[in-house]
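*Asks:* Sharing a structure with you now.
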Amino acid sequence: MEFIEQVLNGLGQGSIFALVALGYSMVYGIVQLINFAHGDIIMVGGYTAFVTFITFGMPLWLAVIISILVCAAVGLIIERVAYHRLIVHNAARISLLITALGVSIFLQNLFMLIFGAEPKHISTLFPMETIKLGNTELSSNTILNIVVSVIMMIGLQLLVNKTKIGKAMQASSEDAGAAKLMGINTNQVVAFTFMVGSALAAVGAILYCNTYSQIKPTMGNFLGLKAFVAAVLGGIGSIPGAMLGGYIIGIADSLTKAYVSSTLNDAVVFGILILMLSVKPTGIMGGDRREKV
Amino acid sequence: MHLLVIKDLSVIFGGLHALNDFHMFVDDREIVGLIGPNGAGKTTVFNLLTGVYAPSGGAIRFEGESLIDKKPFQINRIGIARTFQNIRIFKNMTVLDNIKVAMQQDMKYTVLAGMTRMPFFWSEEKKVDAKARKMLEIFDMEETAEHTAANLPYGLQRKLEILRALASNPKLLLLDEPAAGMNPTETRELMETIRKIRDDFKIAILLIEHDMSLVMNVCERLYVLDYGNLIALGTPEQIRANEKVITAYLGS
Amino acid sequence: MNILKKKTGVYYLINAVLVAALFLVLIIVINTGTLNGYYTDILTFALINIVLAVSLNLVTGILGQLVLGHAGFMLVGAYAAALFTKNSELSLTVAFPIGLVLSGLFAAICGVVIGLPALRLRGDYLAIITLGFGEIIRVIANNLKITNGAMGLRGIDSLSNRNNPGAMFTYAFFIAVVVIFLMFTFVRSRHGRAVISIREDEIAAESMGINTTYYKMFAFVLAAFIAGIAGGVYAHHVGVIDPAKFDFNRSVEILIMVVLGGMGSITGSVISASVLTILPELLRDFSQYRMLIYSVILICLMLFKPSGLLGRYEISVPGLLHALIKKIKNKKSGEV
């Protein structure tokens with residue numbers, strides 16, 4: 001049952017994409033910005049886990065918490081330092097995109113200077129076991145990834161739908177101007193969104209380290225790209241959409257590696273993006289947003 | 001035959017009937033007004049007419065040709081030009097270039113002829129340049145020709161937008177609140193200019209306006225929208241006396 | 001910026017004379033060996049970068065759409081030209097120009113394939129799709145047999161040799177001059193105005209009869225075409241190409257040339273491309289900090305001076321001369 005194994009593998013990988021896609025989707029929903037630096041937040045999370053867990057030998061739970069906090073802080077700092085001024089002044093979208101790109105390059109090169117360009121090895125964080133289900137074998141990591149991503153999604157749904165700040169996020173995403181007039185502090189909402197998105201990326205980073213046991217400064221590039229494709233595929237702005245997109249991309253990636261070529265998987269993912277944008281640019285679960293004229 | 005005929009036009013945005021079985025016609029060289037309270041669906045009519053939104057149902061015919069499924073640029077070339085409620089001029093271009101963009105169709109030289117500066121390029125550009133400057137005279141704006149559009153005062157930006165629309169040689173001009181933000185004197189001048197434009201260019205004008213004095217004075221016929229429904233039509237006198245219109249505006 | 005002023009003819013003439021003079025001076029110092037091979041190489045690189053920056057400026061500055069995979073088009077062009085000249089029986093002087101046309105065409109075809117889905121959507125999608133394209137095209141070049149994978153192509157002949165050290169420079173120079181000239185004339189034509197109007201307000205442009213999809217596509221594909229040619233020249237200039245030379249960082253380098261010079265300013269791109277090619281060569285010791293510095297420049301520019309150094313202004317030597325003469329005349333008449 002190799003096929004089923006590959007699909008499950010893909011789901012496990014896709015869970016990581018999904019967590020990252022959630023961050024893209026949330027930020028895009030609020031400020032209509034493709035946060036290029038989001039992929040690099042994962043890299044930050046990965047290195048934080050590396051430093052705390054390997055270098056300082058901290059216990060795992062502490063390393064996880066520190067990674068999440070560091071990522072959330074970095075997300076917040078990036079928003080305050082680089083984007084805030086532009087968002088407030090309603091700058092041209094292209095300026096925001098270029099800034100985001102600048103932040104991404106900055107983070108990558110900063111970490112390259114500190115840690116070197118060579119990949120760092122990180123031994124598995126969680127004990128790994130192989131589980132047998134009839135003829136299918138799957139690793140406990142896969143299950144862990146899926147379970148964690150589903151929990152995160154449910155938590156995020158609850159946050160967005162049940163809490164006050166979550167409702168403020170929805171309102172700002174719908175119409176920032178109107179939300180402001182209704183007394184919502186949109187600045188706070190934007191900052192909070194970046195923090196939550198980055199914290200999710202940290203969780204993604206932990207799972208990434210655990211699955212691939214290797215990190216490098218440019219790891220955010222392709223991971224970010226794939227997660228973004230996942231977000232677009234599912235429908236940008238939609239939480240379940242981002243998850244679904246992540247799983248689909250993960251499965252497509254893993255099946256291509258297994259049955260087509262181990263190097264062309266990125267090209268396949270990219271092909272999916274082009275196809276999706278040609279057929280239904282709003283994504284599987286995305287509603288249509290029309291520009292007011 | 002009417003110049004523009006709209007029949008049973010409807011559009012639904014996310015379950016909301018923004019426009020319901022709307023119908024209207026506009027004849028050649030007519031000035032027609034489209035009025036109604038805020039959110040009545042007036043601008044939606046413009047957006048449907050110019051192909052910015054796709055209608056959920058109904059028909060739009062211009063000189064007998066259906067406009068449904070046509071793109072905005074095609075509709076402009078067929079002969080409908082518009083202005084926007086919240087001015088959309090090309091801010092970083094000069095006043096003259098703003099107008100020349102709309103005169104795109106007056107020139108025929110190809111990309112290569114333009115890039116290599118063939119004689120054809122110069123003659124056409126000269127012709128269009130003169131025509132564009134001439135257009136500025138309508139609003140006494142010759143002096144501003146080389147100014148960056150963004151630096152114009154608000155009133156002139158509105159006028160520039162009207163000129164730009166006119167420059168694309170329309171047979172029907174759609175004006176979305178042309179008097180917004182103008183003082184009474186300017187509004188009175190604008191009234192005159194609208195009539196003059198109709199006479200000089202021999203075109204029909206359909207306008208959305210909140211300023212009742214302008215609408216009642218300048219329009220020959222009126223259509224009144226409320227919550228996406230057509231509630232009245234007729235001459236300004238008829239509309240003034242219409243119970244439904246009074247209720248819609250003043251509340252019951 | 002009125003192109004119909006009477007002085008236009010004179011301006012063209014002055015510019016032509018200046019360009020010819022510049023070329024003569026440079027080719028003489030190169031051919032006599034006053035400028036050694038190393039500096040000639042840098043000069044040629046600067047010219048190639050000028051072509052790349054000007055072409056990217058067409059899409060990013062003038063059309064207003066962010067493209068993050070310009071190096072991808074360059075890669076396609078570089079391989080197309082190199083593979084053609086390597087495999088063709090023709091002599092290099094004939095094969096090279098044909099190869100360049102092929103590089104432009106292949107890059108333009110890639111532009112069409114990417115542009116068709118992406119340009120119908122909002123600008124951000126173009127950014128991400130071109131980013132993806134840039135990475136994917138590299139992955140593909142890394143895996144194909146014909147491109148020789150990650151090893152790349154070696155021994156691509158250069159036109160320059162001991163007897164004619166300035167051959168590649170001459171090619172690069174004239175391609176740059178032609179591209180700059182055509183870009184200027186394009187921007188100041190009805191088609192250029194249409195493209196600018198899309199940057200200013202897409203909905204208004206469309207409702208004024210501008211076929212926005214067509215013009216976006218046109219500008220994008222033209223930029224890809226020119227980047228392809230630049231890639232072809234580059235391949236023959238360096239002699240050795242491999243996919244890693246055309247990575248994301250390369251795309252970013254071109255972008256920063258455009259942003260720094262001023263999005264929409266062609267002369268701005270020329271200046272910043274020259275400076276950003278020559279400066280890093282002089283500051284080799286800092287090379288490991290280069291991308292870090294670039295990223296900080298990008299962020300700071302966007303935060304404090306998003307229009308770049310020149311904004312949308314163009315530097316015109318005849319225009320400056322004219323202003324100078326006027327000033328002197330005024331002074332003289334003032335003295336009398």
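Residues in the structure tokens are numbered from 1 in each chain, the chains being A, B, ... in the order shown, and ligands are numbered from 1 in the order shown.
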Quick one: which residues from chain B are at most 6 Å off chain C, using only C-alpha atoms, as a PyMOL selection string?
*Replies:* chain B and resi 72-73+76-77+90+102+114-115
*Asks:* Generate a file of the selected residues that holds N, CA and C atoms, formatted as a compact mmCIF listing (two decimals), in the first residue's frame.
*Replies:*
# COMPACT_ATOMS: atom_id res chain seq x y z
N PRO B 72 -15.13 46.75 -20.32
CA PRO B 72 -15.24 48.21 -20.22
C PRO B 72 -14.59 48.95 -21.39
N PHE B 73 -13.41 48.48 -21.83
CA PHE B 73 -12.75 49.23 -22.91
C PHE B 73 -13.51 49.11 -24.22
N ASN B 76 -16.44 51.50 -24.05
CA ASN B 76 -16.00 52.86 -24.31
C ASN B 76 -15.82 53.10 -25.80
N ARG B 77 -15.28 52.12 -26.48
CA ARG B 77 -15.04 52.30 -27.92
C ARG B 77 -16.35 52.32 -28.69
N PHE B 90 -5.62 60.32 -13.82
CA PHE B 90 -4.28 59.74 -13.77
C PHE B 90 -3.37 60.76 -13.09
N ALA B 102 -7.25 59.20 -23.41
CA ALA B 102 -8.58 58.91 -23.92
C ALA B 102 -8.66 59.04 -25.43
N GLY B 114 5.86 54.09 -33.47
CA GLY B 114 6.04 55.03 -32.38
C GLY B 114 7.45 54.97 -31.83
N MET B 115 7.95 53.76 -31.64
CA MET B 115 9.28 53.60 -31.05
C MET B 115 10.37 54.13 -31.96
*Asks:* Mind listing as JSON, numbers by chain which residues of chain A are within 10 Å of chain C, counting only C-alpha atoms?
*Replies:* {"A": [32, 33, 34, 36, 81, 82, 83, 84, 85, 86, 91, 92, 93, 94, 95, 96, 97, 98, 99, 100, 101, 102, 103, 104, 105, 106, 107, 108, 109, 110, 112, 113, 221, 222, 225, 226, 228, 229, 232, 263, 264, 265, 266, 267, 268, 269, 270, 271, 273, 274, 275, 276, 277, 278, 279, 281, 282, 291, 293]}
*Asks:* Taking only residues of chain B that have an atom at most 10 Å from an atom of chain A, what is each one's shortest atom pair and its distance in Å to one decimal, using only C-alpha atoms, in chain and number order, as a tab-separated table?
*Replies:*
residue	atom	partner	partner_atom	distance
B:Phe13	CA	A:Arg290	CA	9.5
B:Gly14	CA	A:Asp288	CA	9.2
B:Thr43	CA	A:Val293	CA	8.3
B:Thr44	CA	A:Val293	CA	8.9
B:Phe46	CA	A:Val293	CA	9.8
B:Asn47	CA	A:Val293	CA	7.6
B:Val52	CA	A:Val293	CA	8.1
B:Tyr53	CA	A:Arg290	CA	8.8
B:Phe84	CA	A:Val293	CA	7.6
B:Gln85	CA	A:Val293	CA	8.0
B:Asn86	CA	A:Val293	CA	8.2
B:Arg88	CA	A:Val293	CA	9.5
*Asks:* Output C-alpha atoms for every residue in the selection just made, as a PDB file, in the first residue's frame.
*Replies:*
ATOM      1  CA  PHE B  13     -24.300  41.204  -4.643  1.00  0.00           C
ATOM      2  CA  GLY B  14     -23.991  38.456  -2.055  1.00  0.00           C
ATOM      3  CA  THR B  43     -23.653  54.136  -9.441  1.00  0.00           C
ATOM      4  CA  THR B  44     -24.406  50.432  -9.815  1.00  0.00           C
ATOM      5  CA  PHE B  46     -23.254  53.100 -14.287  1.00  0.00           C
ATOM      6  CA  ASN B  47     -21.017  50.183 -13.384  1.00  0.00           C
ATOM      7  CA  VAL B  52     -17.307  47.100 -14.587  1.00  0.00           C
ATOM      8  CA  TYR B  53     -19.860  44.713 -13.031  1.00  0.00           C
ATOM      9  CA  PHE B  84     -16.377  58.477 -11.404  1.00  0.00           C
ATOM     10  CA  GLN B  85     -17.961  59.440  -8.118  1.00  0.00           C
ATOM     11  CA  ASN B  86     -14.581  59.586  -6.385  1.00  0.00           C
ATOM     12  CA  ARG B  88     -10.159  58.715 -10.879  1.00  0.00           C
TER      13      ARG B  88
END
*Asks:* Could you go through region 76-172 of chain B and tell me which residues DSSP, when run on the backbone, assigns to helix (DSSP H, G or I), listing them as a count of residues only?
*Replies:* 60
*Asks:* Would you kindly return, as a ChimeraX atom specification, each protein, DNA or RNA residue with an atom no farther than 6 Å from any atom of region 114-120 of chain A, considering only C-alpha atoms and excluding same-chain residues fewer than 2 positions away?
*Replies:* /A:111-112,214-216
*Asks:* For CA of Glu79 (chain A) and CA of Glu174 (chain A), quote the distance in Å rounded to one decimal.
*Replies:*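 Computed distance, CA of Glu79 (chain A) to CA of Glu174 (chain A), equals 20.2 Å.
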*Asks:* Can you pull out every residue within 8 Å of region 137-145 of chain B, counting only C-alpha atoms, but drop anything in the same chain fewer than 5 positions away, and send it as a ChimeraX atom specification?
*Replies:* /B:94-96,159,193
